[in-house]
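Okay, input-v8.pdb is below, PDB, C-alpha atoms:
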```pdb
MODEL        1
ATOM      1  CA  MET A   1       0.000   0.000   0.000
ATOM      2  CA  ILE A   2       1.081   3.592  -0.730
ATOM      3  CA  ALA A   3       0.576   6.258   1.935
ATOM      4  CA  VAL A   4      -0.010   9.815   0.696
ATOM      5  CA  ILE A   5       0.689  12.269   3.506
ATOM      6  CA  ASP A   6      -2.102  14.755   4.168
ATOM      7  CA  TYR A   7      -0.610  17.701   6.052
ATOM      8  CA  GLY A   8      -3.479  20.061   5.321
ATOM      9  CA  ALA A   9      -2.165  21.829   2.229
ATOM     10  CA  GLY A  10      -0.836  19.167  -0.098
ATOM     11  CA  ASN A  11      -1.981  18.322  -3.593
ATOM     12  CA  THR A  12      -3.425  15.020  -2.402
ATOM     13  CA  ALA A  13      -6.491  14.827  -4.661
ATOM     14  CA  SER A  14      -4.512  14.985  -7.918
ATOM     15  CA  VAL A  15      -2.032  12.390  -6.654
ATOM     16  CA  ALA A  16      -4.933  10.146  -5.588
ATOM     17  CA  ASN A  17      -6.471  10.432  -9.065
ATOM     18  CA  VAL A  18      -3.301   9.051 -10.655
ATOM     19  CA  LEU A  19      -3.059   6.261  -8.081
ATOM     20  CA  ASP A  20      -6.664   5.376  -8.890
ATOM     21  CA  GLU A  21      -5.773   5.273 -12.587
ATOM     22  CA  LEU A  22      -2.831   2.983 -11.786
ATOM     23  CA  LYS A  23      -5.165   0.763  -9.725
ATOM     24  CA  THR A  24      -2.822   1.068  -6.744
ATOM     25  CA  ASP A  25      -3.886   0.528  -3.147
ATOM     26  CA  TYR A  26      -3.309   3.723  -1.195
ATOM     27  CA  ILE A  27      -4.379   5.677   1.832
ATOM     28  CA  ILE A  28      -4.403   9.437   2.431
ATOM     29  CA  THR A  29      -3.291   9.923   6.005
ATOM     30  CA  ASN A  30      -1.350  11.920   8.564
ATOM     31  CA  LYS A  31      -1.090   9.090  11.104
ATOM     32  CA  GLU A  32       2.301   7.617  11.937
ATOM     33  CA  ASN A  33       0.827   4.132  12.327
ATOM     34  CA  ASP A  34      -0.546   4.216   8.775
ATOM     35  CA  LEU A  35       2.839   5.332   7.468
ATOM     36  CA  CYS A  36       4.543   2.496   9.338
ATOM     37  CA  ASN A  37       2.220  -0.013   7.656
ATOM     38  CA  ALA A  38       2.663   1.421   4.154
ATOM     39  CA  GLN A  39       5.208   0.039   1.699
ATOM     40  CA  LYS A  40       5.996   3.454   0.229
ATOM     41  CA  ILE A  41       5.241   7.081   1.108
ATOM     42  CA  ILE A  42       4.427  10.097  -1.069
ATOM     43  CA  LEU A  43       4.869  13.606   0.354
ATOM     44  CA  PRO A  44       2.911  15.779  -2.098
ATOM     45  CA  GLY A  45       3.665  19.414  -2.611
ATOM     46  CA  VAL A  46       1.522  22.489  -2.610
ATOM     47  CA  GLY A  47       1.884  25.121   0.069
ATOM     48  CA  GLU A  48       4.511  27.099   1.952
ATOM     49  CA  ALA A  49       7.635  25.565   3.483
ATOM     50  CA  SER A  50       7.630  27.034   7.004
ATOM     51  CA  PHE A  51       3.885  26.359   7.440
ATOM     52  CA  THR A  52       4.305  22.772   6.290
ATOM     53  CA  VAL A  53       7.270  22.146   8.599
ATOM     54  CA  LYS A  54       5.147  23.367  11.530
ATOM     55  CA  ARG A  55       2.325  21.063  10.454
ATOM     56  CA  LEU A  56       4.670  18.074  10.275
ATOM     57  CA  HIS A  57       5.872  18.868  13.820
ATOM     58  CA  LEU A  58       2.290  19.195  15.078
ATOM     59  CA  LEU A  59       1.407  15.856  13.489
ATOM     60  CA  ASN A  60       4.502  14.244  15.097
ATOM     61  CA  LEU A  61       5.743  13.253  11.641
ATOM     62  CA  PHE A  62       8.878  15.399  11.342
ATOM     63  CA  SER A  63      11.364  13.081  13.091
ATOM     64  CA  PHE A  64       9.614  10.008  11.728
ATOM     65  CA  LEU A  65      10.110  11.141   8.125
ATOM     66  CA  ARG A  66      13.780  11.938   8.695
ATOM     67  CA  LEU A  67      14.541   8.432   9.916
ATOM     68  CA  ILE A  68      12.293   6.215   7.808
ATOM     69  CA  HIS A  69      13.893   3.433   5.714
ATOM     70  CA  LYS A  70      11.124   2.766   3.183
ATOM     71  CA  PRO A  71      10.921   4.579  -0.172
ATOM     72  CA  VAL A  72       9.717   8.186   0.079
ATOM     73  CA  LEU A  73       8.851  10.431  -2.880
ATOM     74  CA  GLY A  74       8.675  14.172  -2.290
ATOM     75  CA  ILE A  75       6.787  16.149  -4.949
ATOM     76  CA  CYS A  76       7.493  19.877  -5.538
ATOM     77  CA  LEU A  77       7.357  21.363  -2.017
ATOM     78  CA  GLY A  78       7.714  17.782  -0.800
ATOM     79  CA  MET A  79      11.126  17.596  -2.508
ATOM     80  CA  GLN A  80      12.180  20.925  -1.015
ATOM     81  CA  LEU A  81      11.163  19.730   2.450
ATOM     82  CA  LEU A  82      13.625  16.843   2.126
ATOM     83  CA  CYS A  83      16.421  19.438   2.062
ATOM     84  CA  GLU A  84      18.114  20.980   5.072
ATOM     85  CA  HIS A  85      16.853  24.548   4.696
ATOM     86  CA  SER A  86      14.445  26.611   2.623
ATOM     87  CA  GLU A  87      14.567  30.352   2.015
ATOM     88  CA  GLU A  88      10.760  30.216   1.985
ATOM     89  CA  GLY A  89       9.955  31.358   5.510
ATOM     90  CA  ASN A  90      13.573  30.641   6.554
ATOM     91  CA  ALA A  91      12.477  27.081   7.339
ATOM     92  CA  SER A  92      14.624  24.327   8.828
ATOM     93  CA  CYS A  93      13.468  21.283   6.890
ATOM     94  CA  LEU A  94      13.905  17.512   7.213
ATOM     95  CA  GLY A  95      17.613  17.514   6.359
ATOM     96  CA  VAL A  96      17.623  14.231   4.444
ATOM     97  CA  PHE A  97      19.701  16.020   1.790
ATOM     98  CA  ASP A  98      22.343  18.545   2.871
ATOM     99  CA  LEU A  99      20.923  21.109   0.446
ATOM    100  CA  SER A 100      19.233  24.510   0.591
ATOM    101  CA  THR A 101      16.227  25.670  -1.404
ATOM    102  CA  LYS A 102      16.650  29.107  -3.007
ATOM    103  CA  LYS A 103      14.189  31.664  -4.369
ATOM    104  CA  PHE A 104      14.207  32.378  -8.095
ATOM    105  CA  ASP A 105      15.565  35.834  -8.933
ATOM    106  CA  LYS A 106      12.936  37.734 -10.944
ATOM    107  CA  LEU A 107      15.755  39.174 -13.052
ATOM    108  CA  MET A 108      16.448  35.685 -14.417
ATOM    109  CA  GLY A 109      12.912  34.842 -15.512
ATOM    110  CA  LYS A 110       9.240  34.884 -14.646
ATOM    111  CA  VAL A 111       8.396  33.938 -11.060
ATOM    112  CA  PRO A 112       6.731  31.614 -10.311
ATOM    113  CA  HIS A 113       8.109  29.152 -12.833
ATOM    114  CA  MET A 114       4.811  27.756 -14.066
ATOM    115  CA  GLY A 115       3.914  25.540 -16.978
ATOM    116  CA  TRP A 116       5.522  22.845 -19.094
ATOM    117  CA  ASN A 117       9.287  22.568 -19.346
ATOM    118  CA  LYS A 118      11.604  19.897 -20.688
ATOM    119  CA  ILE A 119      14.006  18.166 -18.376
ATOM    120  CA  GLU A 120      17.437  16.675 -19.001
ATOM    121  CA  ILE A 121      18.165  13.331 -17.358
ATOM    122  CA  ILE A 122      21.768  13.501 -16.129
ATOM    123  CA  LYS A 123      22.055  10.306 -14.077
ATOM    124  CA  GLU A 124      20.583   6.844 -14.439
ATOM    125  CA  SER A 125      17.518   6.555 -12.248
ATOM    126  CA  LYS A 126      14.764   4.001 -11.666
ATOM    127  CA  LEU A 127      12.323   6.909 -11.493
ATOM    128  CA  PHE A 128      12.978   7.727 -15.158
ATOM    129  CA  SER A 129      12.994   4.158 -16.472
ATOM    130  CA  GLY A 130      11.188   4.158 -19.828
ATOM    131  CA  ILE A 131      10.958   7.988 -19.892
ATOM    132  CA  MET A 132      12.758   9.734 -22.731
ATOM    133  CA  ASP A 133      15.310  12.447 -22.079
ATOM    134  CA  LYS A 134      13.968  15.939 -22.883
ATOM    135  CA  SER A 135      10.438  14.930 -21.861
ATOM    136  CA  TYR A 136       8.150  17.745 -20.735
ATOM    137  CA  PHE A 137       6.806  17.932 -17.183
ATOM    138  CA  TYR A 138       4.535  20.453 -15.466
ATOM    139  CA  PHE A 139       6.047  22.924 -12.974
ATOM    140  CA  ALA A 140       4.570  25.424 -10.505
ATOM    141  CA  HIS A 141       7.133  26.843  -8.050
ATOM    142  CA  SER A 142       8.989  29.970  -6.943
ATOM    143  CA  TYR A 143      11.831  28.180  -5.138
ATOM    144  CA  TYR A 144      14.382  25.748  -6.504
ATOM    145  CA  VAL A 145      17.160  23.384  -5.468
ATOM    146  CA  PRO A 146      20.520  24.143  -7.142
ATOM    147  CA  ASN A 147      22.223  21.332  -9.039
ATOM    148  CA  ASN A 148      24.109  19.046  -6.680
ATOM    149  CA  LYS A 149      25.657  15.597  -6.267
ATOM    150  CA  TYR A 150      22.199  14.049  -5.673
ATOM    151  CA  SER A 151      20.663  15.444  -8.890
ATOM    152  CA  SER A 152      19.377  12.921 -11.416
ATOM    153  CA  SER A 153      17.771  15.464 -13.776
ATOM    154  CA  GLN A 154      17.849  19.178 -14.393
ATOM    155  CA  CYS A 155      15.911  21.959 -16.088
ATOM    156  CA  GLU A 156      16.502  25.543 -17.196
ATOM    157  CA  HIS A 157      14.498  28.600 -16.132
ATOM    158  CA  GLY A 158      16.850  31.541 -16.137
ATOM    159  CA  ILE A 159      19.392  29.204 -14.558
ATOM    160  CA  VAL A 160      19.906  25.451 -14.705
ATOM    161  CA  PHE A 161      18.604  23.827 -11.519
ATOM    162  CA  SER A 162      17.904  20.368 -10.095
ATOM    163  CA  VAL A 163      14.489  18.867 -10.813
ATOM    164  CA  SER A 164      15.050  15.470  -9.228
ATOM    165  CA  ILE A 165      17.225  14.277  -6.381
ATOM    166  CA  GLU A 166      17.892  10.802  -4.991
ATOM    167  CA  ARG A 167      19.649   9.402  -1.968
ATOM    168  CA  ASP A 168      19.180   5.868  -0.632
ATOM    169  CA  ASN A 169      15.402   5.433  -0.151
ATOM    170  CA  PHE A 170      14.565   9.123  -0.676
ATOM    171  CA  TYR A 171      13.468  10.575  -4.013
ATOM    172  CA  GLY A 172      12.342  14.082  -4.856
ATOM    173  CA  VAL A 173      10.941  15.726  -7.986
ATOM    174  CA  GLN A 174      10.414  19.462  -8.404
ATOM    175  CA  PHE A 175       7.761  19.076 -11.090
ATOM    176  CA  HIS A 176       4.244  17.723 -10.566
ATOM    177  CA  PRO A 177       4.082  14.203 -12.067
ATOM    178  CA  GLU A 178       0.385  14.019 -11.187
ATOM    179  CA  LYS A 179      -0.226  16.941 -13.588
ATOM    180  CA  SER A 180       2.263  15.889 -16.279
ATOM    181  CA  GLY A 181       0.186  13.511 -18.388
ATOM    182  CA  GLU A 182       1.536  10.151 -19.505
ATOM    183  CA  VAL A 183       5.174  10.776 -18.521
ATOM    184  CA  GLY A 184       4.103  11.777 -15.040
ATOM    185  CA  ILE A 185       1.930   8.686 -14.681
ATOM    186  CA  LYS A 186       4.896   6.584 -15.841
ATOM    187  CA  LEU A 187       7.163   8.208 -13.246
ATOM    188  CA  LEU A 188       4.708   7.502 -10.421
ATOM    189  CA  LYS A 189       4.327   3.944 -11.686
ATOM    190  CA  ASN A 190       8.114   3.578 -11.611
ATOM    191  CA  PHE A 191       8.218   4.794  -8.013
ATOM    192  CA  ILE A 192       5.520   2.318  -7.026
ATOM    193  CA  GLU A 193       6.983  -0.662  -8.904
ATOM    194  CA  LEU A 194      10.746  -0.118  -9.124
ATOM    195  CA  CYS A 195      11.946   2.075  -6.289
TER     196      CYS A 195
ENDMDL
END
```
Before anything else, please render the file you have as structure tokens.
Amino acid sequence: MIAVIDYGAGNTASVANVLDELKTDYIITNKENDLCNAQKIILPGVGEASFTVKRLHLLNLFSFLRLIHKPVLGICLGMQLLCEHSEEGNASCLGVFDLSTKKFDKLMGKVPHMGWNKIEIIKESKLFSGIMDKSYFYFAHSYYVPNNKYSSSQCEHGIVFSVSIERDNFYGVQFHPEKSGEVGIKLLKNFIELC
């Protein structure tokens, strides 16, 4: 079973729609016991970093998520929360990746970065199995993670930045696979079946 974390501001409905389409057993929850019983966890992403960190603390999920050993996929804000720090609300995040999330400079391009953009796969990844390089995914964000040693794909919007990161059992994608059509469905299927 897949557990989709409901922290009060996530994009859970769209993620659930794709899981329904994939005929995958899932639960939308914010209970630690449910997460313990799940095979994999999705941390969806819509909202503001500092608010979401506070919610995770209030739900007693913050430390749990930092230490879990089953596969976790962070989507958009969910990916940024896996980092150590976010400039959005000066938030101390989960710290799974020793990275900081930065705000786009309006001088470099339109903020927020919203719409379809092609990505470049730069490292072999189970997440992108069967997905062609230069595929288009849907983005909606004002903050980004710079390219780093954990990056498996990148994108350009004024600057080149990381759009997916991986370390051990943790995966993050900056784009919204649940809003990215067939390639997004394929990526979520890969997470469920391969990761």
Using only C-alpha atoms, determine which residues lie at most 10 Å from stretch 15-28 of chain A, disregarding the query and same-chain residues fewer than 6 positions distant; provide the list as a PyMOL selection string.
chain A and resi 1-7+34-35+38-45+75+176-179+181+184-186+188-189+192
Could those selected residues go to a file with C-alpha atoms, as a PDB file, in the coordinates of the input?
```pdb
ATOM      1  CA  MET A   1       0.000   0.000   0.000  1.00  0.00           C
ATOM      2  CA  ILE A   2       1.081   3.592  -0.730  1.00  0.00           C
ATOM      3  CA  ALA A   3       0.576   6.258   1.935  1.00  0.00           C
ATOM      4  CA  VAL A   4      -0.010   9.815   0.696  1.00  0.00           C
ATOM      5  CA  ILE A   5       0.689  12.269   3.506  1.00  0.00           C
ATOM      6  CA  ASP A   6      -2.102  14.755   4.168  1.00  0.00           C
ATOM      7  CA  TYR A   7      -0.610  17.701   6.052  1.00  0.00           C
ATOM      8  CA  ASP A  34      -0.546   4.216   8.775  1.00  0.00           C
ATOM      9  CA  LEU A  35       2.839   5.332   7.468  1.00  0.00           C
ATOM     10  CA  ALA A  38       2.663   1.421   4.154  1.00  0.00           C
ATOM     11  CA  GLN A  39       5.208   0.039   1.699  1.00  0.00           C
ATOM     12  CA  LYS A  40       5.996   3.454   0.229  1.00  0.00           C
ATOM     13  CA  ILE A  41       5.241   7.081   1.108  1.00  0.00           C
ATOM     14  CA  ILE A  42       4.427  10.097  -1.069  1.00  0.00           C
ATOM     15  CA  LEU A  43       4.869  13.606   0.354  1.00  0.00           C
ATOM     16  CA  PRO A  44       2.911  15.779  -2.098  1.00  0.00           C
ATOM     17  CA  GLY A  45       3.665  19.414  -2.611  1.00  0.00           C
ATOM     18  CA  ILE A  75       6.787  16.149  -4.949  1.00  0.00           C
ATOM     19  CA  HIS A 176       4.244  17.723 -10.566  1.00  0.00           C
ATOM     20  CA  PRO A 177       4.082  14.203 -12.067  1.00  0.00           C
ATOM     21  CA  GLU A 178       0.385  14.019 -11.187  1.00  0.00           C
ATOM     22  CA  LYS A 179      -0.226  16.941 -13.588  1.00  0.00           C
ATOM     23  CA  GLY A 181       0.186  13.511 -18.388  1.00  0.00           C
ATOM     24  CA  GLY A 184       4.103  11.777 -15.040  1.00  0.00           C
ATOM     25  CA  ILE A 185       1.930   8.686 -14.681  1.00  0.00           C
ATOM     26  CA  LYS A 186       4.896   6.584 -15.841  1.00  0.00           C
ATOM     27  CA  LEU A 188       4.708   7.502 -10.421  1.00  0.00           C
ATOM     28  CA  LYS A 189       4.327   3.944 -11.686  1.00  0.00           C
ATOM     29  CA  ILE A 192       5.520   2.318  -7.026  1.00  0.00           C
TER      30      ILE A 192
END
```
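Put simply, the PyMOL selection byres ((chain A and resi 52-56) around 8) in this file takes in Tyr7, Gly8, Ala9, Gly47, Glu48, Ala49, Ser50, Phe51, His57, Leu58, Leu59, Asn60, Leu61, Phe62, Leu81, Ala91, Ser92 and Cys93 of chain A.
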Take the PyMOL selection byres ((chain A and resi 154-159) around 6), apply it to the structure above, and return the hits as a list in words.
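Against this file, the PyMOL selection byres ((chain A and resi 154-159) around 6) returns the residues Met108, Gly109, Ile119, Glu120, Ser153, Val160, Phe161, Ser162 and Val163 of chain A.
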Point out the residue among A:Val183, A:Met132, A:Leu67, A:Leu99 with the least atom-to-atom distance to A:Asp168, counting only C-alpha atoms.
A:Leu67
Extract, using all atoms listed in the file, all DNA, RNA and protein residues at most 7 Å from stretch 142-149 of chain A, discarding same-chain residues fewer than 4 positions from it, and format them as a ChimeraX atom specification.
/A:100-104,111-113,161-162
If you measure from atom CA of A:Phe139 to atom CA of A:Gly89, what distance in Å do you get, rounded to one decimal?
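So the two atoms, atom CA of A:Phe139 and atom CA of A:Gly89, lie 20.7 Å apart.
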Considering only C-alpha atoms, state which residue in the set A:Ala13, A:Val72, A:Leu65, A:Cys36 is at the smallest distance from A:Val173.
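Looking only at the distances to A:Val173, the closest residue turns out to be A:Val72.
Coordinates place atom CA of A:Cys195 at a distance of 21.8 Å from atom CA of A:Asn33.
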Can you give me, as JSON, numbers by chain, the residues this file yields under the PyMOL selection byres ((chain A and resi 137) around 7)?
{"A": [116, 117, 118, 135, 136, 138, 139, 175, 177, 180]}
Just to confirm, what's the straight-line distance from atom CA of A:Phe191 to atom CA of A:Ile122 in Å (one decimal)?
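Taking atom CA of A:Phe191 and atom CA of A:Ile122, their separation equals 18.0 Å.
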Name all residues at most 10 Å from A:Lys126 (count all atoms listed in the file; drop same-chain ones fewer than 4 positions away) and give them as a short mmCIF file (atom, residue, chain, number, x, y, z; two decimals) with C-alpha atoms, in the coordinates of the input.
```
data_model
loop_
_atom_site.label_atom_id
_atom_site.label_comp_id
_atom_site.auth_asym_id
_atom_site.auth_seq_id
_atom_site.Cartn_x
_atom_site.Cartn_y
_atom_site.Cartn_z
CA GLY A 130 11.19 4.16 -19.83
CA ILE A 131 10.96 7.99 -19.89
CA LEU A 187 7.16 8.21 -13.25
CA ASN A 190 8.11 3.58 -11.61
CA PHE A 191 8.22 4.79 -8.01
CA GLU A 193 6.98 -0.66 -8.90
CA LEU A 194 10.75 -0.12 -9.12
CA CYS A 195 11.95 2.08 -6.29
#
```
Selection as a PDB file with C-alpha atoms, in the coordinates of the input: residues within 8 Å of (20.1, 12.3, -3.6), counting all atoms listed in the file:
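Result file result07.pdb:
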```pdb
ATOM      1  CA  PHE A  97      19.701  16.020   1.790  1.00  0.00           C
ATOM      2  CA  LYS A 149      25.657  15.597  -6.267  1.00  0.00           C
ATOM      3  CA  TYR A 150      22.199  14.049  -5.673  1.00  0.00           C
ATOM      4  CA  SER A 151      20.663  15.444  -8.890  1.00  0.00           C
ATOM      5  CA  SER A 152      19.377  12.921 -11.416  1.00  0.00           C
ATOM      6  CA  ILE A 165      17.225  14.277  -6.381  1.00  0.00           C
ATOM      7  CA  GLU A 166      17.892  10.802  -4.991  1.00  0.00           C
ATOM      8  CA  ARG A 167      19.649   9.402  -1.968  1.00  0.00           C
ATOM      9  CA  ASP A 168      19.180   5.868  -0.632  1.00  0.00           C
ATOM     10  CA  PHE A 170      14.565   9.123  -0.676  1.00  0.00           C
ATOM     11  CA  TYR A 171      13.468  10.575  -4.013  1.00  0.00           C
TER      12      TYR A 171
END
```
Specify the axis-aligned box that encloses all atoms of stretch 97-111 of chain A listed in the file after padding of 8 Å on each side, stating its centre and edge lengths in Å to one decimal as JSON.
```
{"center_x": 15.4, "center_y": 27.6, "center_z": -6.3, "size_x": 29.9, "size_y": 39.2, "size_z": 34.4}
```
Please produce stretch 91-119 of chain A, completed to N, CA and C atoms, as a compact mmCIF listing (two decimals), in the coordinates of the input.
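Written out: rebuild_19.txt:
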```
# COMPACT_ATOMS: atom_id res chain seq x y z
N ALA A 91 12.91 28.32 6.68
CA ALA A 91 12.48 27.08 7.34
C ALA A 91 13.62 26.08 7.46
N SER A 92 13.75 25.49 8.63
CA SER A 92 14.62 24.33 8.83
C SER A 92 13.81 23.09 8.47
N CYS A 93 14.25 22.39 7.44
CA CYS A 93 13.47 21.28 6.89
C CYS A 93 14.00 19.94 7.40
N LEU A 94 13.64 18.86 6.71
CA LEU A 94 13.90 17.51 7.21
C LEU A 94 15.38 17.14 7.22
N GLY A 95 16.18 17.74 6.33
CA GLY A 95 17.61 17.51 6.36
C GLY A 95 18.07 16.16 5.84
N VAL A 96 17.22 15.50 5.06
CA VAL A 96 17.62 14.23 4.44
C VAL A 96 18.76 14.48 3.44
N PHE A 97 18.66 15.58 2.72
CA PHE A 97 19.70 16.02 1.79
C PHE A 97 20.34 17.29 2.36
N ASP A 98 21.66 17.36 2.34
CA ASP A 98 22.34 18.55 2.87
C ASP A 98 22.35 19.66 1.82
N LEU A 99 21.14 20.13 1.50
CA LEU A 99 20.92 21.11 0.45
C LEU A 99 20.04 22.23 0.96
N SER A 100 20.10 23.38 0.27
CA SER A 100 19.23 24.51 0.59
C SER A 100 18.39 24.87 -0.63
N THR A 101 17.15 25.23 -0.36
CA THR A 101 16.23 25.67 -1.40
C THR A 101 16.31 27.19 -1.52
N LYS A 102 16.46 27.68 -2.74
CA LYS A 102 16.65 29.11 -3.01
C LYS A 102 15.44 29.68 -3.73
N LYS A 103 15.27 31.00 -3.63
CA LYS A 103 14.19 31.66 -4.37
C LYS A 103 14.69 32.10 -5.74
N PHE A 104 13.86 31.89 -6.76
CA PHE A 104 14.21 32.38 -8.10
C PHE A 104 14.37 33.90 -8.06
N ASP A 105 15.37 34.40 -8.76
CA ASP A 105 15.56 35.83 -8.93
C ASP A 105 14.70 36.29 -10.11
N LYS A 106 13.83 37.26 -9.88
CA LYS A 106 12.94 37.73 -10.94
C LYS A 106 13.69 38.28 -12.15
N LEU A 107 14.96 38.67 -11.94
CA LEU A 107 15.76 39.17 -13.05
C LEU A 107 16.13 38.06 -14.03
N MET A 108 16.04 36.82 -13.58
CA MET A 108 16.45 35.68 -14.42
C MET A 108 15.29 35.10 -15.22
N GLY A 109 14.07 35.41 -14.82
CA GLY A 109 12.91 34.84 -15.51
C GLY A 109 11.65 35.06 -14.71
N LYS A 110 10.53 34.69 -15.30
CA LYS A 110 9.24 34.88 -14.65
C LYS A 110 9.13 34.03 -13.40
N VAL A 111 8.61 34.64 -12.33
CA VAL A 111 8.40 33.94 -11.06
C VAL A 111 6.91 34.09 -10.69
N PRO A 112 6.22 32.99 -10.39
CA PRO A 112 6.73 31.61 -10.31
C PRO A 112 7.02 31.00 -11.68
N HIS A 113 7.87 29.98 -11.65
CA HIS A 113 8.11 29.15 -12.83
C HIS A 113 6.90 28.24 -12.96
N MET A 114 6.07 28.49 -13.96
CA MET A 114 4.81 27.76 -14.07
C MET A 114 4.58 27.33 -15.50
N GLY A 115 4.22 26.06 -15.66
CA GLY A 115 3.91 25.54 -16.98
C GLY A 115 4.81 24.37 -17.34
N TRP A 116 4.79 24.02 -18.60
CA TRP A 116 5.52 22.84 -19.09
C TRP A 116 6.95 23.22 -19.43
N ASN A 117 7.88 22.36 -19.03
CA ASN A 117 9.29 22.57 -19.35
C ASN A 117 9.95 21.22 -19.55
N LYS A 118 10.92 21.17 -20.45
CA LYS A 118 11.60 19.90 -20.69
C LYS A 118 12.73 19.72 -19.68
N ILE A 119 12.96 18.49 -19.33
CA ILE A 119 14.01 18.17 -18.38
C ILE A 119 15.10 17.37 -19.08
```
